[in-house]
$ cat start.txt   # compact mmCIF, C-alpha atoms and all ligand atoms
# COMPACT_ATOMS: atom_id res chain seq x y z
CA MET A 21 -35.40 138.97 30.91
CA GLN A 22 -31.67 138.43 31.21
CA LEU A 23 -31.17 142.17 31.64
CA LYS A 24 -33.78 142.22 34.42
CA ARG A 25 -31.94 139.41 36.25
CA PHE A 26 -28.64 141.20 35.82
CA LEU A 27 -30.04 144.49 37.23
CA LEU A 28 -31.60 142.61 40.14
CA ALA A 29 -28.26 140.96 40.95
CA ILE A 30 -26.44 144.31 40.85
CA SER A 31 -29.07 145.88 43.15
CA LEU A 32 -28.69 142.99 45.62
CA ILE A 33 -24.90 143.35 45.67
CA LEU A 34 -25.13 147.13 46.24
CA LEU A 35 -27.67 146.61 49.03
CA LEU A 36 -25.41 144.09 50.70
CA LEU A 37 -22.38 146.40 50.52
CA PHE A 38 -24.21 149.39 51.97
CA SER A 39 -25.77 147.33 54.74
CA THR A 40 -22.26 146.16 55.86
CA GLY A 41 -21.02 149.76 55.90
CA CYS A 42 -18.46 149.28 53.12
CA THR A 43 -16.95 152.62 52.14
CA PHE A 44 -14.83 151.44 49.21
CA ILE A 45 -11.65 152.87 50.80
CA PRO A 46 -8.92 150.26 50.41
CA GLN A 47 -7.16 149.44 53.70
CA ALA A 48 -3.70 149.68 52.15
CA ASP A 49 -4.23 153.35 51.24
CA GLU A 50 -5.31 154.11 54.77
CA ASN A 51 -2.08 152.65 56.08
CA LYS A 52 -0.08 154.58 53.56
CA ALA A 53 -1.64 157.83 54.69
CA VAL A 54 -0.70 157.12 58.31
CA ASP A 55 2.92 156.19 57.68
CA PRO A 56 4.34 156.92 54.23
CA THR A 57 7.82 155.57 55.08
CA PRO A 58 7.35 152.48 57.19
CA MET A 59 10.46 150.96 58.70
CA PRO A 60 11.36 147.92 56.58
CA ALA A 61 10.65 144.78 58.52
CA GLN A 62 13.91 143.20 59.59
CA THR A 63 14.10 139.51 58.97
CA GLN A 64 14.24 137.62 62.21
CA PRO A 65 15.70 134.26 61.35
CA GLY A 66 16.39 133.45 65.00
CA LYS A 67 19.41 131.30 65.57
CA GLU A 68 19.28 129.66 62.19
CA LYS A 69 22.75 128.28 61.47
CA VAL A 70 24.37 130.18 58.62
CA PRO A 71 27.99 129.20 57.95
CA PHE A 72 30.51 131.99 58.49
CA GLN A 73 31.61 131.94 54.83
CA ASP A 74 28.05 132.94 53.87
CA ILE A 75 28.06 135.97 56.19
CA HIS A 76 28.97 139.07 54.19
CA THR A 77 28.22 142.01 56.48
CA LEU A 78 28.68 142.97 60.10
CA ARG A 79 24.97 143.24 60.70
CA ASP A 80 24.43 139.72 59.38
CA ALA A 81 27.27 138.45 61.55
CA ALA A 82 25.42 139.96 64.51
CA LEU A 83 22.01 138.71 63.41
CA TYR A 84 23.16 135.13 62.81
CA SER A 85 25.49 135.14 65.81
CA GLN A 86 26.27 131.78 67.35
CA LYS A 87 26.84 133.66 70.61
CA ARG A 88 24.48 136.54 71.52
CA THR A 89 23.01 138.97 69.00
CA ILE A 90 23.98 142.55 69.79
CA SER A 91 23.53 145.66 67.67
CA ILE A 92 26.39 147.08 65.64
CA GLY A 93 26.28 150.77 64.84
CA THR A 94 28.13 153.71 63.42
CA ALA A 95 28.19 157.47 63.67
CA ALA A 96 27.28 159.16 60.38
CA ASN A 97 29.23 162.17 59.16
CA ILE A 98 26.87 164.43 57.23
CA ASP A 99 29.50 165.81 54.83
CA ALA A 100 30.57 162.31 53.84
CA PHE A 101 26.94 161.27 53.57
CA HIS A 102 26.27 164.10 51.10
CA ALA A 103 29.48 163.79 49.12
CA ASP A 104 30.07 160.11 48.85
CA THR A 105 27.71 157.36 47.68
CA THR A 106 30.19 154.63 48.67
CA TYR A 107 29.94 155.95 52.21
CA GLN A 108 26.17 155.57 52.13
CA THR A 109 26.33 152.11 50.58
CA ILE A 110 28.67 150.71 53.21
CA MET A 111 26.84 152.38 56.07
CA GLY A 112 23.45 150.98 55.05
CA ARG A 113 24.90 147.55 54.36
CA GLU A 114 27.08 146.93 57.41
CA PHE A 115 25.35 148.56 60.38
CA ASN A 116 21.98 148.40 62.09
CA ILE A 117 22.24 151.47 64.32
CA LEU A 118 22.93 155.00 63.10
CA VAL A 119 23.97 157.98 65.22
CA ALA A 120 24.44 161.44 63.75
CA GLU A 121 28.04 162.47 64.46
CA ASN A 122 27.11 166.15 64.79
CA VAL A 123 23.83 167.18 63.18
CA MET A 124 21.52 166.12 65.99
CA LYS A 125 23.37 168.28 68.51
CA MET A 126 21.84 171.47 69.85
CA TYR A 127 23.96 173.91 67.80
CA VAL A 128 22.39 172.38 64.66
CA THR A 129 18.85 171.52 65.78
CA HIS A 130 18.17 174.74 67.73
CA PRO A 131 20.50 177.31 66.13
CA ASP A 132 18.45 180.33 67.25
CA ILE A 133 16.04 181.10 70.03
CA ASP A 134 13.03 180.79 67.74
CA THR A 135 14.39 178.28 65.20
CA PHE A 136 14.44 174.52 65.11
CA ASN A 137 16.24 172.87 62.22
CA PHE A 138 15.82 169.19 61.43
CA ILE A 139 16.84 169.24 57.77
CA GLN A 140 20.07 167.27 58.11
CA SER A 141 18.99 165.08 60.99
CA ASP A 142 15.83 164.14 59.06
CA GLU A 143 17.99 163.07 56.11
CA LEU A 144 19.87 160.65 58.33
CA VAL A 145 16.74 159.42 60.07
CA ASN A 146 15.08 158.73 56.71
CA PHE A 147 18.18 156.90 55.50
CA ALA A 148 18.23 154.78 58.64
CA ARG A 149 14.55 153.90 58.31
CA GLN A 150 14.98 152.97 54.66
CA HIS A 151 17.84 150.65 55.59
CA GLY A 152 16.20 149.02 58.60
CA MET A 153 18.58 150.70 61.03
CA GLN A 154 17.68 151.85 64.51
CA ILE A 155 18.55 155.41 65.44
CA GLU A 156 20.32 156.69 68.50
CA GLY A 157 19.84 160.42 69.04
CA ALA A 158 23.07 162.13 70.09
CA ASN A 159 23.00 164.24 72.01
CA LEU A 160 20.53 166.45 73.84
CA ILE A 161 22.49 168.16 76.61
CA TRP A 162 26.28 168.58 76.49
CA SER A 163 28.79 171.22 77.50
CA ASN A 164 30.04 171.42 73.92
CA GLN A 165 28.39 172.35 70.60
CA VAL A 166 25.85 174.53 72.39
CA PRO A 167 24.60 177.42 70.20
CA ALA A 168 26.00 180.89 70.83
CA TRP A 169 22.58 182.33 71.65
CA ILE A 170 22.62 180.18 74.78
CA THR A 171 26.23 180.69 75.85
CA ASN A 172 26.07 184.44 75.27
CA GLY A 173 22.46 184.85 76.37
CA GLY A 174 23.03 185.77 80.03
CA TYR A 175 19.99 183.73 81.05
CA THR A 176 18.92 183.22 84.65
CA ARG A 177 18.46 179.72 86.06
CA ASP A 178 14.70 179.79 85.55
CA GLU A 179 15.03 181.12 82.02
CA LEU A 180 17.58 178.45 81.10
CA LEU A 181 15.37 175.74 82.57
CA GLY A 182 12.48 177.03 80.45
CA ILE A 183 14.68 176.99 77.34
CA MET A 184 15.91 173.50 78.10
CA LYS A 185 12.42 172.14 78.59
CA ASP A 186 11.16 173.71 75.38
CA TYR A 187 14.20 172.43 73.43
CA ILE A 188 14.02 168.84 74.71
CA THR A 189 10.25 168.71 74.25
CA ASN A 190 10.53 169.91 70.66
CA VAL A 191 13.46 167.76 69.56
CA VAL A 192 12.40 164.53 71.24
CA GLY A 193 8.79 165.25 70.24
CA HIS A 194 9.81 165.74 66.60
CA TYR A 195 11.25 162.21 66.56
CA LYS A 196 8.75 160.57 68.88
CA GLY A 197 8.37 156.91 67.93
CA GLN A 198 11.22 157.10 65.41
CA ILE A 199 14.27 157.33 67.64
CA GLN A 200 14.70 154.27 69.81
CA SER A 201 17.33 155.69 72.17
CA TRP A 202 18.65 159.11 73.11
CA ILE A 203 21.89 160.21 74.69
CA VAL A 204 20.14 162.66 76.99
CA VAL A 205 23.13 163.91 78.96
CA ASN A 206 26.57 163.65 77.42
CA GLU A 207 29.82 163.74 79.37
CA PRO A 208 28.54 165.23 82.63
CA LEU A 209 31.83 164.64 84.47
CA ASP A 210 34.93 166.81 84.34
CA THR A 211 33.69 169.24 81.76
CA ASP A 212 36.72 171.42 82.59
CA GLU A 213 38.99 168.63 81.35
CA LEU A 214 38.41 169.90 77.82
CA ASN A 215 38.01 173.56 78.78
CA GLN A 216 34.30 173.21 78.20
CA GLN A 217 32.68 174.28 81.40
CA SER A 218 29.07 173.27 81.06
CA ILE A 219 26.69 176.19 80.96
CA TRP A 220 23.93 173.84 82.12
CA GLU A 221 25.78 172.85 85.26
CA ARG A 222 27.08 176.37 85.95
CA ILE A 223 23.70 178.11 85.72
CA ILE A 224 21.27 175.34 86.73
CA GLY A 225 23.41 173.21 89.02
CA PRO A 226 23.77 169.42 88.97
CA GLN A 227 19.97 169.02 88.92
CA TYR A 228 20.07 169.84 85.19
CA ILE A 229 20.63 166.11 84.65
CA ASP A 230 17.39 165.11 86.40
CA TYR A 231 15.39 167.73 84.51
CA ALA A 232 16.80 166.64 81.15
CA PHE A 233 15.85 163.00 81.70
CA ARG A 234 12.39 163.80 83.01
CA TRP A 235 11.54 166.07 80.09
CA ALA A 236 12.93 163.63 77.52
CA HIS A 237 10.82 160.88 79.08
CA GLU A 238 7.71 163.05 79.00
CA ALA A 239 8.32 163.83 75.32
CA ASP A 240 8.72 160.17 74.31
CA PRO A 241 7.98 157.64 77.06
CA GLN A 242 9.01 154.74 74.79
CA ALA A 243 12.52 155.98 74.01
CA ARG A 244 15.40 154.48 75.99
CA LEU A 245 17.30 157.26 77.69
CA TYR A 246 21.07 157.12 78.12
CA ILE A 247 23.80 158.99 79.92
CA ASN A 248 27.22 158.85 78.23
CA GLU A 249 30.83 159.40 79.31
CA PHE A 250 34.43 158.94 78.10
CA ASN A 251 37.44 157.35 79.84
CA THR A 252 35.16 155.25 82.03
CA GLU A 253 35.65 151.85 80.40
CA LEU A 254 37.82 150.52 83.24
CA VAL A 255 37.52 150.61 87.02
CA ASN A 256 39.19 153.87 87.97
CA GLU A 257 38.59 157.11 89.83
CA LYS A 258 36.48 158.61 87.01
CA SER A 259 34.35 155.51 86.44
CA ASN A 260 33.76 155.32 90.21
CA ARG A 261 32.31 158.82 90.08
CA TYR A 262 30.30 157.85 86.99
CA TYR A 263 28.95 154.89 88.93
CA ALA A 264 28.05 157.05 91.94
CA LEU A 265 26.23 159.51 89.68
CA THR A 266 24.22 156.88 87.82
CA GLN A 267 23.45 155.04 91.04
CA SER A 268 22.02 158.21 92.55
CA LEU A 269 19.91 158.82 89.42
CA VAL A 270 18.47 155.33 89.78
CA GLN A 271 17.86 155.79 93.50
CA ARG A 272 16.04 159.08 92.86
CA LYS A 273 13.93 157.33 90.20
CA VAL A 274 15.11 159.58 87.39
CA PRO A 275 13.89 157.91 84.17
CA ILE A 276 17.23 156.63 82.89
CA ASN A 277 17.48 153.37 80.94
CA GLY A 278 21.09 153.05 79.96
CA ILE A 279 24.71 153.92 80.44
CA GLY A 280 27.11 154.65 77.60
CA PHE A 281 30.84 154.04 77.60
CA GLU A 282 32.34 155.89 74.67
CA GLY A 283 35.28 153.60 73.90
CA HIS A 284 37.72 156.13 72.43
CA LEU A 285 40.70 153.85 72.96
CA ASP A 286 44.40 153.77 72.08
CA ILE A 287 46.43 150.65 71.29
CA THR A 288 49.29 151.82 73.49
CA LEU A 289 47.13 151.66 76.61
CA GLN A 290 46.06 148.52 78.44
CA TYR A 291 42.41 147.50 78.69
CA PRO A 292 42.41 144.24 80.69
CA TYR A 293 39.45 142.29 79.38
CA ALA A 294 38.26 141.04 82.78
CA GLN A 295 38.28 144.59 84.13
CA LEU A 296 36.42 145.94 81.12
CA VAL A 297 33.67 143.39 81.68
CA ALA A 298 33.64 143.78 85.47
CA ASN A 299 33.31 147.55 85.14
CA MET A 300 30.42 147.47 82.70
CA LYS A 301 28.74 144.71 84.71
CA ARG A 302 28.63 146.75 87.90
CA PHE A 303 26.73 149.47 86.01
CA ALA A 304 24.42 146.89 84.41
CA ASN A 305 23.70 145.56 87.89
CA LEU A 306 22.03 148.87 88.69
CA GLY A 307 19.26 147.47 86.50
CA LEU A 308 20.24 149.47 83.41
CA GLN A 309 21.29 148.70 79.86
CA VAL A 310 24.89 149.37 78.91
CA GLN A 311 26.36 150.17 75.52
CA ILE A 312 29.68 151.07 73.88
CA THR A 313 28.68 154.29 72.18
CA GLU A 314 31.62 155.80 70.25
CA ALA A 315 34.34 153.23 69.70
CA ASP A 316 37.48 154.09 67.79
CA ILE A 317 41.06 153.00 68.45
CA LYS A 318 44.01 155.31 67.90
CA LEU A 319 47.32 154.05 66.54
CA GLN A 320 49.38 157.23 66.51
CA ASN A 321 51.27 156.76 69.78
CA SER A 322 52.57 153.29 69.00
CA PRO A 323 56.17 152.68 67.80
CA HIS A 324 55.25 149.40 66.06
CA THR A 325 54.99 148.68 62.32
CA LEU A 326 51.66 149.36 60.63
CA PRO A 327 50.73 145.66 60.24
CA GLU A 328 51.48 145.13 63.94
CA LYS A 329 49.38 148.13 64.88
CA PHE A 330 46.49 146.90 62.74
CA THR A 331 46.65 143.52 64.47
CA GLN A 332 46.59 145.09 67.94
CA GLN A 333 43.74 147.33 66.89
CA ALA A 334 41.78 144.35 65.56
CA THR A 335 42.27 142.45 68.82
CA LEU A 336 41.03 145.37 70.88
CA TYR A 337 37.95 145.91 68.71
CA ALA A 338 37.10 142.21 69.02
CA GLU A 339 37.40 142.47 72.80
CA LEU A 340 34.85 145.29 72.86
CA ILE A 341 32.42 143.08 70.97
CA HIS A 342 33.11 140.08 73.23
CA ALA A 343 32.68 142.21 76.34
CA CYS A 344 29.28 143.40 75.14
CA GLN A 345 28.19 139.87 74.25
CA ASP A 346 29.29 138.66 77.68
CA ILE A 347 27.06 141.15 79.52
CA LYS A 348 23.42 140.34 78.96
CA GLN A 349 22.32 143.96 79.52
CA CYS A 350 24.71 145.22 76.83
CA THR A 351 22.68 146.22 73.80
CA GLY A 352 25.43 146.89 71.30
CA VAL A 353 28.61 148.51 70.12
CA ILE A 354 28.55 151.72 68.10
CA LEU A 355 31.68 152.84 66.24
CA TRP A 356 32.49 156.54 65.89
CA GLY A 357 32.48 156.28 62.11
CA PHE A 358 33.74 153.41 59.97
CA THR A 359 36.26 154.74 57.47
CA ASP A 360 39.61 156.38 58.23
CA ARG A 361 38.77 158.81 55.45
CA TYR A 362 36.33 160.67 57.71
CA THR A 363 37.51 160.21 61.30
CA TRP A 364 37.46 163.13 63.74
CA ILE A 365 40.75 162.04 65.37
CA PRO A 366 43.36 163.89 63.22
CA ASN A 367 41.50 167.19 63.67
CA PHE A 368 41.51 166.67 67.38
CA THR A 369 45.05 165.33 67.92
CA HIS A 370 46.67 167.24 65.01
CA HIS A 371 48.26 163.98 63.97
CA PRO A 372 47.33 161.51 61.21
CA ASP A 373 45.68 158.32 62.37
CA GLN A 374 43.73 155.26 61.19
CA PRO A 375 41.41 154.48 64.09
CA LEU A 376 38.49 152.86 62.21
CA ILE A 377 37.75 149.61 60.41
CA PHE A 378 37.80 150.56 56.72
CA ASP A 379 40.82 152.40 55.30
CA ASN A 380 40.77 155.63 53.29
CA GLN A 381 39.86 153.71 50.14
CA TYR A 382 37.06 151.78 51.86
CA GLN A 383 39.06 148.58 52.03
CA PRO A 384 38.23 146.51 55.12
CA LYS A 385 41.10 146.44 57.63
CA PRO A 386 41.98 143.54 59.97
CA ALA A 387 39.69 145.21 62.50
CA TYR A 388 36.72 144.71 60.19
CA THR A 389 37.28 140.96 59.95
CA ALA A 390 37.95 140.71 63.68
CA ILE A 391 34.66 142.44 64.50
CA LYS A 392 32.78 140.26 62.03
CA LYS A 393 34.19 137.07 63.56
CA ALA A 394 33.54 138.32 67.08
CA LEU A 395 29.93 139.24 66.28
CA TYR A 396 29.36 135.85 64.70
CA GLY A 397 31.06 134.10 67.59
CA THR A 398 33.79 132.08 65.91
O1 LIG B 1 30.72 173.08 61.09
C1 LIG B 1 32.00 173.70 61.07
C2 LIG B 1 32.32 174.16 59.67
O2 LIG B 1 31.42 175.16 59.29
C3 LIG B 1 33.76 174.67 59.64
O3 LIG B 1 34.10 175.00 58.33
C4 LIG B 1 34.71 173.61 60.16
C5 LIG B 1 36.15 174.13 60.25
O4 LIG B 1 36.90 173.36 61.17
O5 LIG B 1 34.31 173.25 61.45
C6 LIG B 1 33.02 172.69 61.49
O6 LIG B 1 32.73 172.33 62.81
C7 LIG B 1 33.38 171.17 63.29
C8 LIG B 1 32.31 170.15 63.67
O7 LIG B 1 32.91 169.03 64.27
C9 LIG B 1 31.48 169.69 62.47
O8 LIG B 1 32.29 169.10 61.52
C10 LIG B 1 34.21 171.54 64.49
O9 LIG B 1 35.29 172.37 64.10
C11 LIG B 1 34.75 170.29 65.17
O10 LIG B 1 35.39 170.64 66.38
C12 LIG B 1 33.60 169.34 65.47
O11 LIG B 1 34.16 168.18 66.02
C13 LIG B 1 33.25 167.25 66.55
C14 LIG B 1 33.45 167.14 68.06
O12 LIG B 1 32.56 166.14 68.58
C15 LIG B 1 33.15 168.42 68.80
O13 LIG B 1 33.65 168.30 70.09
C16 LIG B 1 33.52 165.91 65.91
O14 LIG B 1 33.20 165.96 64.52
C17 LIG B 1 32.69 164.81 66.58
O15 LIG B 1 33.14 163.56 66.13
C18 LIG B 1 32.89 164.87 68.09
O16 LIG B 1 32.07 163.91 68.68
C19 LIG B 1 32.18 163.78 70.12
C20 LIG B 1 30.89 163.21 70.61
O17 LIG B 1 29.80 163.99 70.20
C21 LIG B 1 30.90 163.11 72.13
N1 LIG B 1 32.03 162.34 72.59
C22 LIG B 1 33.31 162.76 72.11
C23 LIG B 1 33.32 162.85 70.58
C24 LIG B 1 34.67 163.29 70.13
O18 LIG B 1 34.94 164.59 70.60
$ encode --input "start.txt" --output "structure tokens"
Amino acid sequence: MQLKRFLLAISLILLLLFSTGCTFIPQADENKAVDPTPMPAQTQPGKEKVPFQDIHTLRDAALYSQKRTISIGTAANIDAFHADTTYQTIMGREFNILVAENVMKMYVTHPDIDTFNFIQSDELVNFARQHGMQIEGANLIWSNQVPAWITNGGYTRDELLGIMKDYITNVVGHYKGQIQSWIVVNEPLDTDELNQQSIWERIIGPQYIDYAFRWAHEADPQARLYINEFNTELVNEKSNRYYALTQSLVQRKVPINGIGFEGHLDITLQYPYAQLVANMKRFANLGLQVQITEADIKLQNSPHTLPEKFTQQATLYAELIHACQDIKQCTGVILWGFTDRYTWIPNFTHHPDQPLIFDNQYQPKPAYTAIKKALYGT
């Protein structure tokens, strides 16, 4: 009798389940299949008051800022990333935006006409996702670090346009939904300044900029698309031309969202704070975001003692942070690396330097503390 009741109960339960369409596939597994590496949810504590002595990283200083929360990022050097676990630890702990220093550039991602290579850029993107960092893709179109098959290819304008479209569509498409912002066109002004005449401009003409933005937008309509330039932090002849260029992009309704100012600075030069802010503000007033994209601050030309140089460097870094906080359209400050051990500057200037915020042994320099205080708003 008891067995009969038991079997009846089981039958009723099964009937009920089938009638409601239950398939016995747990929801969690379904999610897992869709996205095996979800971005860790970042805690959003709002403006909860956390005392400065309890803030231990730059990203927390930014998150718990008593002023305005901005992002704080770094470029990632792939050799250091592979060789050095301390490098990875500090990068994942201190920063909330990651930019590949080189491995997302065309010479790496599209090394041959029929090859795309995302091995190294995927490593960095996965690291960023695992550490709750946003990713800025740098860069799509530049005069430099273009693969030889393009520069030596002898392509016509139409052929180069076809190549460019295919390249942008593939690279941006590969990272669709994963990369929040792209430097679409890098350093469009004065490419001769560095003996790097741009093949894009030479063969296609200045319209290459419009095409690049339109195709990037088609490939990922959600990504914020940036132009980027150096030596344009202050109001001067070059930044006036940068302004005219970006203004005309906006007027022609090219899908651009932001303007980058690299911020490769030098303590021996003057960067009047009010002018820094005024310059970035006029670009922001075009209705675009602005960002410091590649900050580092050279010491090598200064005659002062090392402690004095470190103090000047710290002050200047803090001013970059303050300037960004003071402009509501400024999304963040990205440093071009974080440890002097792996800076690009000595290779470029053929002179030793210490332009970043951790020293060669990963000890925080005065600049680190200054940035932390500035982000927090003390
Ligand atoms: O990959 C080769 C390697 O195979 C070779 O053994 C080695 C020997 O020197 O060179 C390696 O290539 C170097 C490459 O970085 C990757 O490490 C190049 O020589 C070197 O010139 C190149 O420098 C990069 C530079 O862009 C190229 O102009 C820097 O690391 C990178 O920091 C710098 O970044 C740019 C931004 O993208 C745009 N704004 C300016 C900024 C500084 O120039």
$ closest_residue --input "start.txt" --among "A:Asp104, A:Glu68, A:Asp286, A:Glu257" --to "A:Asp80" --atoms "only C-alpha atoms"
A:Glu68
$ axis_aligned_box --input "start.txt" --around "stretch 360-379 of chain A" --padding-each-side "5 Å" --output "lines of an AutoDock Vina configuration file"
center_x = 42.3
center_y = 158.4
center_z = 61.6
size_x = 21.9
size_y = 27.6
size_z = 22.6
$ closest_residue --input "start.txt" --among "A:Ser85, A:Thr335, A:Asn137, A:Asn367" --to "ligand LIG 1 (chain B)" --atoms "only C-alpha atoms and all ligand atoms"
A:Asn367
$ closest_atom_pairs --input "start.txt" --of "chain A" --to "ligand LIG 1 (chain B)" --cutoff "10 Å" --atoms "all atoms listed in the file" --output "tab-separated table"
residue	atom	partner	partner_atom	distance
A:Ala95	CA	B:LIG1	O15	8.2
A:Ala96	CA	B:LIG1	O15	9.3
A:Asn97	CA	B:LIG1	O14	7.7
A:Ile98	CA	B:LIG1	O8	8.3
A:Asp99	CA	B:LIG1	O8	8.0
A:Val119	CA	B:LIG1	O17	9.7
A:Ala120	CA	B:LIG1	O17	8.8
A:Glu121	CA	B:LIG1	O15	5.5
A:Asn122	CA	B:LIG1	C17	6.0
A:Val123	CA	B:LIG1	C9	8.1
A:Met124	CA	B:LIG1	O17	9.5
A:Lys125	CA	B:LIG1	O17	7.9
A:Tyr127	CA	B:LIG1	O1	9.6
A:Val128	CA	B:LIG1	O1	9.1
A:Ala158	CA	B:LIG1	O17	7.0
A:Asn159	CA	B:LIG1	O17	7.0
A:Trp162	CA	B:LIG1	C21	8.4
A:Ser163	CA	B:LIG1	O13	9.3
A:Asn164	CA	B:LIG1	O13	6.1
A:Gln165	CA	B:LIG1	C15	6.4
A:Ile203	CA	B:LIG1	C21	9.8
A:Asn206	CA	B:LIG1	C21	6.9
A:Glu207	CA	B:LIG1	N1	7.3
A:Leu214	CA	B:LIG1	O13	9.2
A:Gln216	CA	B:LIG1	O13	9.5
A:Asn248	CA	B:LIG1	N1	8.2
A:Glu249	CA	B:LIG1	N1	7.4
A:Phe250	CA	B:LIG1	N1	6.9
A:Phe281	CA	B:LIG1	N1	9.8
A:Glu282	CA	B:LIG1	N1	6.8
A:Gly283	CA	B:LIG1	N1	9.4
A:His284	CA	B:LIG1	C22	8.0
A:Thr313	CA	B:LIG1	N1	8.7
A:Glu314	CA	B:LIG1	N1	7.0
A:Ala315	CA	B:LIG1	C23	9.7
A:Asp316	CA	B:LIG1	C24	9.9
A:Trp356	CA	B:LIG1	O15	7.1
A:Gly357	CA	B:LIG1	O15	8.3
A:Tyr362	CA	B:LIG1	O14	9.2
A:Thr363	CA	B:LIG1	O15	7.3
A:Trp364	CA	B:LIG1	O15	5.0
A:Ile365	CA	B:LIG1	O15	7.8
A:Asn367	CA	B:LIG1	O10	7.5
A:Phe368	CA	B:LIG1	O10	7.4
$ residues_near_point --input "start.txt" --point "(10.9, 167.4, 83.9)" --cutoff "10 Å" --atoms "only C-alpha atoms" --output "ChimeraX atom specification"
/A:181,184-185,188-189,228-239,274-275
$ write_last_selection --input "start.txt" --atoms "C-alpha atoms" --output "CSV table (one decimal), keeping the file's coordinate frame"
chain,number,residue,atom,x,y,z
A,181,LEU,CA,15.4,175.7,82.6
A,184,MET,CA,15.9,173.5,78.1
A,185,LYS,CA,12.4,172.1,78.6
A,188,ILE,CA,14.0,168.8,74.7
A,189,THR,CA,10.2,168.7,74.2
A,228,TYR,CA,20.1,169.8,85.2
A,229,ILE,CA,20.6,166.1,84.6
A,230,ASP,CA,17.4,165.1,86.4
A,231,TYR,CA,15.4,167.7,84.5
A,232,ALA,CA,16.8,166.6,81.2
A,233,PHE,CA,15.8,163.0,81.7
A,234,ARG,CA,12.4,163.8,83.0
A,235,TRP,CA,11.5,166.1,80.1
A,236,ALA,CA,12.9,163.6,77.5
A,237,HIS,CA,10.8,160.9,79.1
A,238,GLU,CA,7.7,163.0,79.0
A,239,ALA,CA,8.3,163.8,75.3
A,274,VAL,CA,15.1,159.6,87.4
A,275,PRO,CA,13.9,157.9,84.2
$ residues_around --input "start.txt" --residues "A:Tyr107" --least-positions-apart "5" --cutoff "12 Å" --atoms "all atoms listed in the file" --output "ChimeraX atom specification"
/A:94-102,112-115,357-362,378-383
$ closest_residue --input "start.txt" --among "A:Thr105, A:Thr398, A:Asn190, A:Thr389" --to "A:Thr331" --atoms "only C-alpha atoms"
A:Thr389
$ residues_around --input "start.txt" --residues "stretch 340-343 of chain A" --least-positions-apart "5" --cutoff "12 Å" --atoms "only C-alpha atoms" --output "VMD selection string"
chain A and resid 78 81 to 82 85 87 to 93 253 to 254 281 to 285 291 to 301 310 to 317 333 to 335 348 to 355 387 to 388 390 to 398
$ atom_distance --input "start.txt" --atom1 "atom CA of A:Ile161" --atom2 "atom CA of A:Pro241"
17.9 Å
$ closest_residue --input "start.txt" --among "A:Asp178, A:His151, A:Lys258, A:Gln242" --to "A:Gly225" --atoms "all atoms listed in the file"
A:Asp178
$ closest_residue --input "start.txt" --among "A:Thr288, A:Gln332, A:Ser201, A:Gln309" --to "A:Leu160" --atoms "all atoms listed in the file"
A:Ser201
$ decode --input "start.txt" --residues "stretch 113-124 of chain A" --atoms "N, CA and C atoms" --output "short mmCIF file (atom, residue, chain, number, x, y, z; two decimals), in the first residue's frame"
data_model
loop_
_atom_site.label_atom_id
_atom_site.label_comp_id
_atom_site.auth_asym_id
_atom_site.auth_seq_id
_atom_site.Cartn_x
_atom_site.Cartn_y
_atom_site.Cartn_z
N ARG A 113 46.84 44.62 -9.21
CA ARG A 113 46.42 45.18 -7.93
C ARG A 113 46.15 46.68 -8.00
N GLU A 114 46.99 47.41 -8.76
CA GLU A 114 46.96 48.87 -8.68
C GLU A 114 46.06 49.55 -9.71
N PHE A 115 45.84 48.90 -10.85
CA PHE A 115 45.23 49.61 -11.98
C PHE A 115 43.90 49.00 -12.39
N ASN A 116 43.04 49.83 -12.97
CA ASN A 116 41.77 49.27 -13.47
C ASN A 116 41.55 49.48 -14.97
N ILE A 117 42.60 49.93 -15.66
CA ILE A 117 42.58 49.88 -17.13
C ILE A 117 43.91 49.31 -17.59
N LEU A 118 43.87 48.47 -18.60
CA LEU A 118 45.08 47.90 -19.18
C LEU A 118 45.12 48.21 -20.67
N VAL A 119 46.29 48.64 -21.12
CA VAL A 119 46.54 48.87 -22.56
C VAL A 119 47.76 48.05 -22.93
N ALA A 120 47.71 47.33 -24.02
CA ALA A 120 48.92 46.62 -24.45
C ALA A 120 49.92 47.64 -25.00
N GLU A 121 51.16 47.58 -24.50
CA GLU A 121 52.14 48.58 -24.96
C GLU A 121 52.45 48.39 -26.45
N ASN A 122 52.53 47.14 -26.89
CA ASN A 122 52.84 46.90 -28.31
C ASN A 122 52.01 45.81 -28.98
N VAL A 123 51.57 44.80 -28.22
CA VAL A 123 51.08 43.59 -28.90
C VAL A 123 49.68 43.67 -29.49
N MET A 124 49.03 44.83 -29.36
CA MET A 124 47.75 44.98 -30.06
C MET A 124 47.91 45.87 -31.30
#
